[in-house]
file run.txt (compact mmCIF, C-alpha atoms)
# COMPACT_ATOMS: atom_id res chain seq x y z
CA MET A 1 -11.33 4.15 17.24
CA ILE A 2 -9.18 4.58 20.37
CA GLU A 3 -7.78 1.08 19.97
CA ASP A 4 -6.90 1.80 16.33
CA LYS A 5 -4.98 4.91 17.39
CA ILE A 6 -3.11 2.90 20.01
CA GLN A 7 -2.09 0.32 17.41
CA VAL A 8 -0.91 3.07 15.06
CA LEU A 9 1.16 4.66 17.80
CA ARG A 10 2.71 1.31 18.73
CA LYS A 11 3.69 0.67 15.12
CA ALA A 12 5.24 4.12 14.78
CA ALA A 13 7.12 3.63 18.05
CA LYS A 14 8.49 0.29 16.87
CA VAL A 15 9.94 1.82 13.71
CA SER A 16 11.28 4.78 15.68
CA ASN A 17 12.97 2.52 18.22
CA GLU A 18 14.68 0.47 15.53
CA GLN A 19 16.40 3.56 14.24
CA SER A 20 15.63 7.16 14.96
CA SER A 21 15.73 9.09 11.71
CA GLU A 22 14.81 12.55 10.54
CA HIS A 23 13.50 11.23 7.21
CA ILE A 24 11.49 8.13 6.32
CA TRP A 25 9.59 6.67 3.39
CA CYS A 26 5.89 5.90 3.54
CA VAL A 27 3.32 4.28 1.27
CA ILE A 28 -0.38 5.02 1.83
CA ALA A 29 -3.20 3.12 0.10
CA GLY A 30 -6.96 3.48 0.08
CA ASN A 31 -9.80 4.97 -1.89
CA GLN A 32 -9.30 7.93 -4.19
CA ASP A 33 -10.74 10.52 -1.80
CA LEU A 34 -8.41 9.45 1.02
CA VAL A 35 -5.31 9.59 -1.17
CA ASN A 36 -6.45 12.95 -2.58
CA ASP A 37 -6.52 14.30 0.98
CA ILE A 38 -3.06 12.90 1.73
CA ALA A 39 -1.65 14.30 -1.53
CA TYR A 40 -3.11 17.74 -0.78
CA ALA A 41 -1.60 17.74 2.70
CA ALA A 42 1.78 16.63 1.32
CA ILE A 43 1.76 19.37 -1.33
CA ALA A 44 0.86 21.93 1.35
CA SER A 45 3.93 20.75 3.28
CA LYS A 46 6.23 20.43 0.25
CA ASP A 47 9.14 21.86 2.25
CA ARG A 48 8.93 18.80 4.52
CA VAL A 49 7.55 16.00 2.30
CA LYS A 50 8.09 14.83 -1.28
CA ILE A 51 5.54 12.86 -3.30
CA LEU A 52 7.68 10.27 -5.08
CA PHE A 53 4.82 8.88 -7.14
CA ARG A 54 1.11 8.13 -7.11
CA GLU A 55 -0.81 5.34 -8.83
CA HIS A 56 -4.49 4.81 -9.60
CA VAL A 57 -5.31 1.13 -10.09
CA ASN A 58 -8.32 -0.49 -11.78
CA LEU A 59 -8.10 -4.20 -11.08
CA GLU A 60 -10.47 -6.55 -12.88
CA GLU A 61 -11.43 -9.71 -11.00
CA SER A 62 -14.22 -11.84 -12.47
CA TYR A 63 -17.13 -9.42 -12.96
CA VAL A 64 -15.86 -6.81 -10.49
CA VAL A 65 -13.50 -3.89 -11.03
CA LYS A 66 -11.69 -2.86 -7.86
CA LYS A 67 -10.46 0.74 -7.83
CA PHE A 68 -7.88 2.10 -5.42
CA ASP A 69 -5.06 4.61 -5.16
CA PHE A 70 -1.72 4.61 -3.40
CA ILE A 71 0.98 7.20 -2.92
CA MET A 72 4.66 7.03 -1.98
CA LEU A 73 6.09 9.77 0.24
CA TYR A 74 9.53 10.65 1.56
CA GLY A 75 10.41 13.32 4.07
CA ASP A 76 10.29 14.61 7.62
CA SER A 77 9.41 11.71 9.92
CA ASP A 78 7.11 13.73 12.18
CA LYS A 79 5.07 15.07 9.27
CA ILE A 80 4.81 11.68 7.60
CA ARG A 81 3.63 10.13 10.86
CA ASP A 82 0.96 12.81 11.09
CA LEU A 83 -0.22 11.86 7.59
CA SER A 84 -0.14 8.18 8.56
CA TYR A 85 -2.49 8.83 11.49
CA VAL A 86 -4.89 10.64 9.16
CA CYS A 87 -4.71 7.67 6.79
CA LYS A 88 -5.53 5.13 9.51
CA GLU A 89 -8.34 7.21 11.01
CA ASN A 90 -9.97 7.30 7.57
CA GLY A 91 -9.70 3.58 6.88
CA GLY A 92 -6.53 3.50 4.79
CA ALA A 93 -3.41 1.35 5.00
CA TYR A 94 0.14 2.60 5.41
CA ILE A 95 3.70 1.44 5.93
CA GLN A 96 6.48 3.64 7.27
CA ILE A 97 9.91 2.54 6.08
CA ALA A 98 12.83 3.76 8.20
CA PRO A 99 16.43 3.78 6.92
CA TYR A 100 16.97 0.85 9.29
CA TYR A 101 15.31 -1.47 6.78
CA VAL A 102 17.28 -0.09 3.83
CA GLY A 103 20.56 -0.60 5.67
CA ASN A 104 19.84 -3.97 7.27
CA GLU A 105 17.45 -5.91 5.01
CA PRO A 106 18.46 -7.23 1.57
CA ASN A 107 16.45 -6.79 -1.64
CA LEU A 108 13.51 -4.81 -0.30
CA MET A 109 10.26 -4.92 -2.29
CA LEU A 110 6.97 -3.19 -1.66
CA LEU A 111 3.62 -4.82 -2.54
CA VAL A 112 0.18 -3.20 -2.82
CA ALA A 113 -2.91 -5.26 -3.68
CA PRO A 114 -6.18 -6.67 -2.33
CA ASP A 115 -5.50 -8.99 0.60
CA ASN A 116 -6.75 -12.12 -1.18
CA LEU A 117 -4.17 -11.61 -3.94
CA ILE A 118 -1.37 -11.12 -1.41
CA LYS A 119 -2.24 -14.44 0.25
CA GLN A 120 -2.30 -16.19 -3.12
CA PHE A 121 1.07 -14.63 -3.95
CA VAL A 122 2.69 -15.91 -0.75
CA GLY A 123 1.46 -19.43 -1.52
CA ASP A 124 2.77 -19.25 -5.09
CA VAL A 125 6.19 -18.05 -3.86
CA GLU A 126 6.42 -21.01 -1.49
CA ARG A 127 5.48 -23.44 -4.25
CA ALA A 128 8.15 -21.88 -6.47
CA ASP A 129 10.72 -22.64 -3.76
CA ALA A 130 11.62 -18.96 -3.37
CA GLN A 131 12.33 -17.38 -0.01
CA LEU A 132 10.91 -14.13 1.35
CA SER A 133 10.50 -12.39 4.69
CA ILE A 134 7.49 -10.20 5.52
CA LEU A 135 8.87 -7.19 7.41
CA LEU A 136 5.89 -4.84 7.65
CA GLU A 137 2.25 -5.03 6.64
CA ASP A 138 -0.98 -3.12 7.08
CA GLN A 139 -4.56 -3.45 5.82
CA THR A 140 -7.33 -0.99 5.06
CA THR A 141 -10.39 -0.85 7.28
CA GLY A 142 -12.44 1.43 5.01
CA PHE A 143 -14.17 0.71 1.71
CA ILE A 144 -12.58 1.16 -1.69
CA GLU A 145 -14.63 1.74 -4.83
CA THR A 146 -15.81 -1.29 -6.78
CA ASP A 147 -17.89 -1.58 -9.91
CA SER A 148 -19.54 -4.34 -11.93
CA GLN A 149 -18.53 -5.09 -15.50
CA LEU A 150 -22.08 -6.30 -16.00
CA ASN A 151 -23.22 -2.67 -16.04
CA MET A 152 -22.21 -2.32 -19.68
CA LYS A 153 -24.50 -5.17 -20.68
CA LEU A 154 -27.53 -4.33 -18.56
CA PRO A 155 -30.33 -1.82 -19.12
CA LYS A 156 -29.72 1.45 -17.32
CA PHE A 157 -32.45 0.92 -14.72
CA LEU A 158 -31.03 -2.51 -13.74
CA SER A 159 -27.49 -1.14 -13.66
CA SER A 160 -28.58 1.58 -11.22
CA LEU A 161 -29.94 -1.11 -8.89
CA ILE A 162 -26.93 -3.42 -9.05
CA SER A 163 -24.09 -0.87 -8.87
CA PRO A 164 -24.64 0.09 -5.20
CA LEU A 165 -24.37 -3.58 -4.22
CA PHE A 166 -20.91 -3.84 -5.75
CA ASN A 167 -19.82 -0.48 -4.38
CA MET A 168 -20.49 -1.76 -0.86
CA SER A 169 -18.32 -4.84 -1.37
CA ASP A 170 -15.89 -5.35 1.49
CA VAL A 171 -12.48 -5.27 -0.19
CA VAL A 172 -9.39 -5.22 2.04
CA LEU A 173 -6.20 -3.70 0.63
CA SER A 174 -2.80 -4.77 1.94
CA THR A 175 0.49 -2.91 1.87
CA VAL A 176 3.45 -5.20 2.52
CA LEU A 177 7.21 -4.72 2.76
CA ILE A 178 9.20 -7.87 2.00
CA SER A 179 12.82 -8.84 1.54
CA THR A 180 14.69 -11.83 0.18
CA GLU A 181 18.23 -12.98 0.90
CA SER A 182 18.80 -14.37 -2.59
CA GLU A 183 19.40 -12.06 -5.53
CA ASN A 184 18.23 -14.91 -7.75
CA ASP A 185 14.81 -14.89 -6.08
CA VAL A 186 14.16 -11.18 -6.78
CA GLY A 187 13.11 -11.66 -10.40
CA LYS A 188 11.12 -14.78 -9.54
CA ILE A 189 9.21 -12.99 -6.77
CA GLN A 190 8.52 -9.97 -8.97
CA GLU A 191 7.23 -12.21 -11.77
CA ILE A 192 4.91 -14.07 -9.40
CA ALA A 193 3.63 -10.79 -7.98
CA THR A 194 2.90 -9.39 -11.44
CA SER A 195 1.11 -12.58 -12.50
CA ASN A 196 -1.12 -12.20 -9.41
CA ASN A 197 -2.04 -8.60 -10.35
CA ILE A 198 0.00 -7.21 -7.47
CA PHE A 199 1.71 -3.85 -7.80
CA VAL A 200 5.35 -4.57 -6.89
CA ILE A 201 8.09 -1.98 -6.42
CA ASP A 202 11.79 -2.76 -6.15
CA PHE A 203 12.77 -0.45 -3.32
CA LYS A 204 16.21 0.32 -4.69
CA ASP A 205 14.48 2.09 -7.57
CA ILE A 206 12.82 4.65 -5.28
CA ILE A 207 15.46 5.28 -2.62
CA VAL A 208 16.01 9.00 -2.24
CA ASP A 209 19.55 9.94 -1.26
CA GLU A 210 19.08 13.66 -0.90
CA GLU A 211 17.22 15.21 1.99
CA VAL A 212 13.96 17.06 1.50

call {"tool": "encode", "arguments": {"input": "run.txt", "output": "structure tokens"}}
result
Amino acid sequence: MIEDKIQVLRKAAKVSNEQSSEHIWCVIAGNQDLVNDIAYAAIASKDRVKILFREHVNLEESYVVKKFDFIMLYGDSDKIRDLSYVCKENGGAYIQIAPYYVGNEPNLMLLVAPDNLIKQFVGDVERADAQLSILLEDQTTGFIETDSQLNMKLPKFLSSLISPLFNMSDVVLSTVLISTESENDVGKIQEIATSNNIFVIDFKDIIVDEEV
């Protein structure tokens, strides 16, 4: 736990050193309860933090449904870093995005998905001869909810035995910030991400110009 906190502090310091800013963006991903807690804390501090959007994802892979939430925040850097520490201590993943990246990196895109899909996506992008740079990334260390699609076809007593096995599946979520030099590669990368069941956000669509 102490080592995790040290890593979190180092990551926050790196972003801070690249450009000190009063306001930053942040995406936090994890299970529903974690994101509920983050959303509640953000609403309680609405004078310092804005919730830009929140998504609940049900992702079907083979016979398993993976369920996770993520939330996008913008606001006071100190408050968002506090929320990021809470996220990491409870097994979530987060990325803090300082204005440095917006001003210095072209065509920013944000990805949220299980880690295996992110790795498949990177391989597909390389095979498509598109170029990308991975700027920031983080992974969950806690469990997200999973469920079996077999439950609908099994008797209730069997379903009650099988469900806990799927709910303990070790699923790692990744949050990744990428950029690409080529405008022509943006659409290609977004298409590949979507085809791999990855939630992709074009960062220029969520940039907030006004201060909280």

call {"tool": "closest_residue", "arguments": {"input": "run.txt", "among": "A:Asn31, A:Thr141, A:Ser179, A:Thr146", "to": "A:Glu60", "atoms": "only C-alpha atoms"}}
result
A:Thr146

call {"tool": "closest_residue", "arguments": {"input": "run.txt", "among": "A:Leu173, A:Ala98, A:Ile144, A:Ala93", "to": "A:Pro114", "atoms": "all atoms listed in the file"}}
result
A:Leu173

call {"tool": "residues_near_point", "arguments": {"input": "run.txt", "point": "(-1.9, 13.4, 4.3)", "cutoff": "12 Å", "atoms": "all atoms listed in the file", "output": "PyMOL selection string"}}
result
chain A and resi 26-30+33-46+49-51+70-73+78-90+92+94

call {"tool": "atom_distance", "arguments": {"input": "run.txt", "atom1": "atom CA of A:Leu108", "atom2": "atom CA of A:Ile178"}}
result
5.8 Å

call {"tool": "atom_distance", "arguments": {"input": "run.txt", "atom1": "atom CA of A:Asn116", "atom2": "atom CA of A:Ile95"}}
result
18.5 Å

call {"tool": "residues_around", "arguments": {"input": "run.txt", "residues": "stretch 189-200 of chain A", "least_positions_apart": "3", "cutoff": "6 Å", "atoms": "all atoms listed in the file", "output": "list in words"}}
result
Leu110, Leu111, Val112, Ala113, Asp185 and Val186 of chain A

call {"tool": "residues_around", "arguments": {"input": "run.txt", "residues": "A:Asp202", "least_positions_apart": "2", "cutoff": "6 Å", "atoms": "only C-alpha atoms", "output": "list of chain:residue names"}}
result
A:Met109, A:Lys204, A:Asp205

call {"tool": "residues_around", "arguments": {"input": "run.txt", "residues": "A:Gln32", "least_positions_apart": "5", "cutoff": "8 Å", "atoms": "all atoms listed in the file", "output": "PDB file with C-alpha atoms, in the coordinates of the input"}}
result
ATOM      1  CA  HIS A  56      -4.490   4.810  -9.600  1.00  0.00           C
ATOM      2  CA  PHE A  68      -7.880   2.100  -5.420  1.00  0.00           C
ATOM      3  CA  ASP A  69      -5.060   4.610  -5.160  1.00  0.00           C
ATOM      4  CA  ILE A 144     -12.580   1.160  -1.690  1.00  0.00           C
TER       5      ILE A 144
END

call {"tool": "closest_residue", "arguments": {"input": "run.txt", "among": "A:Val171, A:Arg54, A:Ile201, A:Thr180", "to": "A:Asn104", "atoms": "all atoms listed in the file"}}
result
A:Thr180

call {"tool": "residues_near_point", "arguments": {"input": "run.txt", "point": "(11.1, 15.0, 7.4)", "cutoff": "6 Å", "atoms": "only C-alpha atoms", "output": "list in words"}}
result
Glu22, His23, Arg48, Gly75, Asp76 and Ser77 of chain A
